[in-house]
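Notes follow once the structure below has been shown.
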Amino acid sequence: MFNLVKTAILMAAITALFMAVGQMIGGQTGMLIALLVAVGMNFFSYWFSADMVLKMYNAREVDASSAPQFYGMVAELAQRAGLPMPRVYLIDEAAPNAFATGRNPEHAAVAATTGILRVLSERELRGVMAHELAHVAHRDILISTVSATMAGAISMLANFAAFFGGRDEHGRPTNPLAGIAVAILAPLAASLIQMAISRAREFEADRGGAEISGDPAALASALDKIHRYAQGIPMAPAEAHPETAQMMIMNPLSGGGLRGLFSTHPATEERIARLMAMAQGGARR
């Protein structure tokens with residue numbers, strides 16, 4: 001419940017930040033235009049982002065004939081979760097990872113790399129796919145898409161403010177230093193909020209996945225393996241499209257940077273600790 005409330009607060013914060021930047025650029029009119037731009041961008045993302053992401057990763061759809069064991073596993077977990085059967089995809093990448101996409105549970109897709117199928121046991125893979133189905137059940141794909149789109153739009157508006165300066169609602173120029181400050185601080189704040197949303201949703205998906213599979217220890221073991229294997233195996237599509245990193249069960253990017261505030265995923269050690277606490281509390285069924 002805490003993470004759900006936290007997500008709602010963060011979504012409100014990133015929306016407020018977007019509108020504030022719009023107001024700084026063009027007063028009340030600018031704020032209204034910013035809101036309309038946000039609605040338009042989110043509408044496009046809502047309808048088309050899933051297919052775009054699957055194409056980015058060259059994902060191929062599989063069924064009960066082409067991948068019977070994997071497809072059957074997803075079908076069984078979807079039934080346990082009370083979800084419609086999602087489309088199922090495989091990605092020919094050695095790096096072990098998986099993600100879910102789609103605008104709602106009725107139009108969802110789950111994808112896993114061939115690397116994760118080789119690295120994990122059947123029990124561990126089951127925990128991973130339950131985690132992805134938890135994202136579907138929680139409608140996290142929509143939340144992450146909206147937050148990413150808003151963060152991108154804030155950066156775009158901030159750059160506009162830096163080059164052209166701000167205007168008040170009467171069209172008078174504002175302090176040029178304010179425009180520079182917005183250009184620097186607004187994208188930073190938007191990124192921090194976006195990353196915080198992503199981390200909160202990962203904790204919730206871990207919990208939900210453990211409940212769906214009935215085996216939190218298996219998901220904990222899977223996360224440990226993925227963390228250790230993925231560090232030495234680059235994932236080219238993710239490096240080419242870093243904005244998709246937040247969708248994965250484990251951050252696929254090889255770059256450095258601050259691990260705390262700017263991470264799209266919580267620390268693996270903390271995720272494992274929470275799952276093991278669930279296991280010890282009798283979550284397995």
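Each chain in the structure tokens gets a letter, A, B, ..., in the order shown, and its residues are numbered from 1; ligands are numbered from 1 in order too.
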
Determine, counting only C-alpha atoms, which protein, DNA and RNA residues have an atom within 12 Å of an atom of A:Arg123; residues of the same chain fewer than 4 positions away are not included. Present the result as a PDB file with N, CA and C atoms, in the first residue's frame.
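Saved as result_2.pdb:
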```
ATOM      1  N   PHE A  70       7.457 -22.810 -22.286  1.00  0.00           N
ATOM      2  CA  PHE A  70       7.433 -21.409 -21.856  1.00  0.00           C
ATOM      3  C   PHE A  70       6.027 -20.827 -21.968  1.00  0.00           C
ATOM      4  N   MET A  73       3.782 -22.163 -19.285  1.00  0.00           N
ATOM      5  CA  MET A  73       4.075 -21.565 -17.990  1.00  0.00           C
ATOM      6  C   MET A  73       3.376 -20.219 -17.835  1.00  0.00           C
ATOM      7  N   LEU A 117      16.165 -17.923 -20.324  1.00  0.00           N
ATOM      8  CA  LEU A 117      15.679 -19.305 -20.357  1.00  0.00           C
ATOM      9  C   LEU A 117      16.814 -20.298 -20.118  1.00  0.00           C
ATOM     10  N   VAL A 119      19.685 -19.545 -18.342  1.00  0.00           N
ATOM     11  CA  VAL A 119      20.323 -19.317 -17.048  1.00  0.00           C
ATOM     12  C   VAL A 119      19.477 -19.826 -15.878  1.00  0.00           C
ATOM     13  N   GLY A 127       8.994 -17.639 -11.389  1.00  0.00           N
ATOM     14  CA  GLY A 127       8.934 -16.464 -10.532  1.00  0.00           C
ATOM     15  C   GLY A 127       9.093 -15.174 -11.317  1.00  0.00           C
ATOM     16  N   VAL A 128       9.996 -15.182 -12.299  1.00  0.00           N
ATOM     17  CA  VAL A 128      10.225 -14.000 -13.134  1.00  0.00           C
ATOM     18  C   VAL A 128       8.979 -13.656 -13.949  1.00  0.00           C
ATOM     19  N   MET A 129       8.374 -14.661 -14.575  1.00  0.00           N
ATOM     20  CA  MET A 129       7.204 -14.377 -15.406  1.00  0.00           C
ATOM     21  C   MET A 129       6.008 -13.965 -14.545  1.00  0.00           C
ATOM     22  N   ALA A 130       5.938 -14.471 -13.315  1.00  0.00           N
ATOM     23  CA  ALA A 130       4.896 -14.017 -12.395  1.00  0.00           C
ATOM     24  C   ALA A 130       5.107 -12.537 -12.052  1.00  0.00           C
ATOM     25  N   ALA A 210       5.497 -12.755  -6.348  1.00  0.00           N
ATOM     26  CA  ALA A 210       5.652 -13.794  -5.328  1.00  0.00           C
ATOM     27  C   ALA A 210       4.294 -14.374  -4.944  1.00  0.00           C
ATOM     28  N   SER A 213       2.967 -16.577  -8.057  1.00  0.00           N
ATOM     29  CA  SER A 213       3.683 -17.854  -8.186  1.00  0.00           C
ATOM     30  C   SER A 213       3.579 -18.698  -6.931  1.00  0.00           C
ATOM     31  N   GLY A 214       3.356 -18.033  -5.786  1.00  0.00           N
ATOM     32  CA  GLY A 214       3.340 -18.733  -4.517  1.00  0.00           C
ATOM     33  C   GLY A 214       4.717 -19.151  -4.053  1.00  0.00           C
ATOM     34  N   ASP A 215       5.768 -18.538  -4.638  1.00  0.00           N
ATOM     35  CA  ASP A 215       7.134 -18.979  -4.346  1.00  0.00           C
ATOM     36  C   ASP A 215       8.089 -17.793  -4.351  1.00  0.00           C
ATOM     37  N   PRO A 216       8.041 -16.950  -3.308  1.00  0.00           N
ATOM     38  CA  PRO A 216       8.922 -15.773  -3.282  1.00  0.00           C
ATOM     39  C   PRO A 216      10.404 -16.124  -3.287  1.00  0.00           C
ATOM     40  N   ALA A 217      10.771 -17.268  -2.710  1.00  0.00           N
ATOM     41  CA  ALA A 217      12.191 -17.653  -2.679  1.00  0.00           C
ATOM     42  C   ALA A 217      12.717 -17.915  -4.083  1.00  0.00           C
ATOM     43  N   ALA A 218      11.877 -18.441  -4.960  1.00  0.00           N
ATOM     44  CA  ALA A 218      12.301 -18.704  -6.341  1.00  0.00           C
ATOM     45  C   ALA A 218      12.581 -17.398  -7.076  1.00  0.00           C
ATOM     46  N   LEU A 219      11.745 -16.383  -6.872  1.00  0.00           N
ATOM     47  CA  LEU A 219      11.981 -15.082  -7.506  1.00  0.00           C
ATOM     48  C   LEU A 219      13.241 -14.443  -6.935  1.00  0.00           C
ATOM     49  N   ALA A 220      13.452 -14.585  -5.635  1.00  0.00           N
ATOM     50  CA  ALA A 220      14.680 -14.053  -5.023  1.00  0.00           C
ATOM     51  C   ALA A 220      15.911 -14.707  -5.637  1.00  0.00           C
ATOM     52  N   SER A 221      15.882 -16.024  -5.814  1.00  0.00           N
ATOM     53  CA  SER A 221      16.999 -16.742  -6.423  1.00  0.00           C
ATOM     54  C   SER A 221      17.210 -16.290  -7.870  1.00  0.00           C
ATOM     55  N   ALA A 222      16.115 -16.070  -8.593  1.00  0.00           N
ATOM     56  CA  ALA A 222      16.209 -15.612  -9.980  1.00  0.00           C
ATOM     57  C   ALA A 222      16.861 -14.236 -10.060  1.00  0.00           C
TER      58      ALA A 222
END
```

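The shortest atom-to-atom distance to A:Asn104, with only C-alpha atoms taken into account, belongs to A:Asp140 out of A:Asp140, A:Glu132, A:Glu243, A:Asp92.
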
Once DSSP has gone over the backbone, tell me which residues of stretch 31-278 of chain A are in strand (DSSP E or B), as JSON, numbers by chain. {"A": [60, 61, 62, 87, 88, 89, 90, 91, 98, 99, 100, 101, 102, 108, 109, 110, 111, 112, 113, 167, 173, 248]}

Enumerate, as a PyMOL selection string, the complete set of residues in stretch 22-91 of chain A that a backbone-based DSSP assignment places in alpha helix (DSSP H). chain A and resi 22-56+68-81

Quick one: which stretch 71-149 of chain A residues come within 12 Å of stretch 48-53 of chain A, and what is the nearest atom pair for each with the distance in Å to one decimal, counting only C-alpha atoms, rows ordered by chain and ascending number, as CSV?
```
residue,atom,partner,partner_atom,distance
A:Arg87,CA,A:Ala50,CA,11.1
A:Tyr89,CA,A:Asp51,CA,11.6
A:Ile91,CA,A:Val53,CA,11.6
A:Phe99,CA,A:Val53,CA,10.2
A:Ala100,CA,A:Ala50,CA,8.9
A:Thr101,CA,A:Ala50,CA,5.4
A:Gly102,CA,A:Ala50,CA,4.9
A:Arg103,CA,A:Ala50,CA,7.2
A:Asn104,CA,A:Ala50,CA,10.3
A:His107,CA,A:Ala50,CA,9.1
A:Ala108,CA,A:Ala50,CA,8.2
A:Ala109,CA,A:Ala50,CA,7.9
A:Val110,CA,A:Ala50,CA,10.2
A:Ala111,CA,A:Val53,CA,10.5
A:Ile141,CA,A:Ala50,CA,8.9
A:Leu142,CA,A:Ser49,CA,9.6
A:Ser144,CA,A:Ser49,CA,11.0
A:Thr145,CA,A:Ser49,CA,7.8
A:Val146,CA,A:Ser49,CA,10.5
A:Ala148,CA,A:Ser49,CA,11.2
A:Thr149,CA,A:Ser49,CA,10.5
```

For N, CA and C atoms, I'd like the residues from the last selection saved as a short mmCIF file (atom, residue, chain, number, x, y, z; two decimals), in the first residue's frame.
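Saved result, selection_8.cif, follows:
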```
data_model
loop_
_atom_site.label_atom_id
_atom_site.label_comp_id
_atom_site.auth_asym_id
_atom_site.auth_seq_id
_atom_site.Cartn_x
_atom_site.Cartn_y
_atom_site.Cartn_z
N ARG A 87 0.07 -11.87 -25.05
CA ARG A 87 0.94 -12.34 -26.13
C ARG A 87 2.31 -12.66 -25.52
N TYR A 89 6.46 -13.44 -26.12
CA TYR A 89 7.56 -13.18 -27.06
C TYR A 89 8.87 -13.69 -26.50
N ILE A 91 13.17 -13.03 -27.15
CA ILE A 91 14.15 -12.11 -27.71
C ILE A 91 15.48 -12.84 -27.78
N PHE A 99 10.56 -8.50 -19.68
CA PHE A 99 9.73 -7.32 -19.45
C PHE A 99 8.30 -7.58 -19.88
N ALA A 100 7.41 -6.70 -19.45
CA ALA A 100 6.01 -6.72 -19.87
C ALA A 100 5.70 -5.39 -20.53
N THR A 101 4.77 -5.41 -21.46
CA THR A 101 4.36 -4.18 -22.13
C THR A 101 2.90 -4.31 -22.54
N GLY A 102 2.33 -3.23 -23.05
CA GLY A 102 0.93 -3.24 -23.44
C GLY A 102 0.13 -2.23 -22.65
N ARG A 103 -0.93 -1.70 -23.27
CA ARG A 103 -1.64 -0.59 -22.65
C ARG A 103 -2.58 -1.01 -21.52
N ASN A 104 -2.99 -2.27 -21.46
CA ASN A 104 -3.85 -2.76 -20.39
C ASN A 104 -3.79 -4.29 -20.38
N HIS A 107 -4.57 -6.13 -23.58
CA HIS A 107 -3.67 -5.95 -24.73
C HIS A 107 -2.21 -6.01 -24.25
N ALA A 108 -1.92 -6.95 -23.38
CA ALA A 108 -0.57 -7.04 -22.79
C ALA A 108 0.29 -8.04 -23.54
N ALA A 109 1.59 -7.91 -23.35
CA ALA A 109 2.56 -8.85 -23.89
C ALA A 109 3.67 -9.01 -22.87
N VAL A 110 4.20 -10.21 -22.77
CA VAL A 110 5.37 -10.47 -21.93
C VAL A 110 6.47 -11.01 -22.83
N ALA A 111 7.69 -10.62 -22.52
CA ALA A 111 8.83 -11.03 -23.35
C ALA A 111 10.00 -11.44 -22.45
N ILE A 141 2.66 -0.75 -16.85
CA ILE A 141 3.15 -0.36 -18.18
C ILE A 141 2.64 1.03 -18.51
N LEU A 142 1.37 1.27 -18.22
CA LEU A 142 0.79 2.59 -18.47
C LEU A 142 1.46 3.64 -17.61
N SER A 144 4.49 3.64 -16.20
CA SER A 144 5.87 3.90 -16.60
C SER A 144 5.93 4.64 -17.92
N THR A 145 5.00 4.34 -18.84
CA THR A 145 4.97 5.03 -20.13
C THR A 145 4.64 6.51 -19.94
N VAL A 146 3.64 6.77 -19.11
CA VAL A 146 3.24 8.16 -18.86
C VAL A 146 4.37 8.93 -18.19
N ALA A 148 7.60 8.33 -18.24
CA ALA A 148 8.71 8.53 -19.17
C ALA A 148 8.39 9.61 -20.19
N THR A 149 7.16 9.60 -20.69
CA THR A 149 6.74 10.61 -21.66
C THR A 149 6.75 12.00 -21.04
#
```

Could you check the closest approach to A:Pro68 for each of A:Met248, A:Val88, A:Val37, A:Met278 and tell me which residue wins, using only C-alpha atoms?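 For A:Pro68, the nearest of the given residues is A:Val88.
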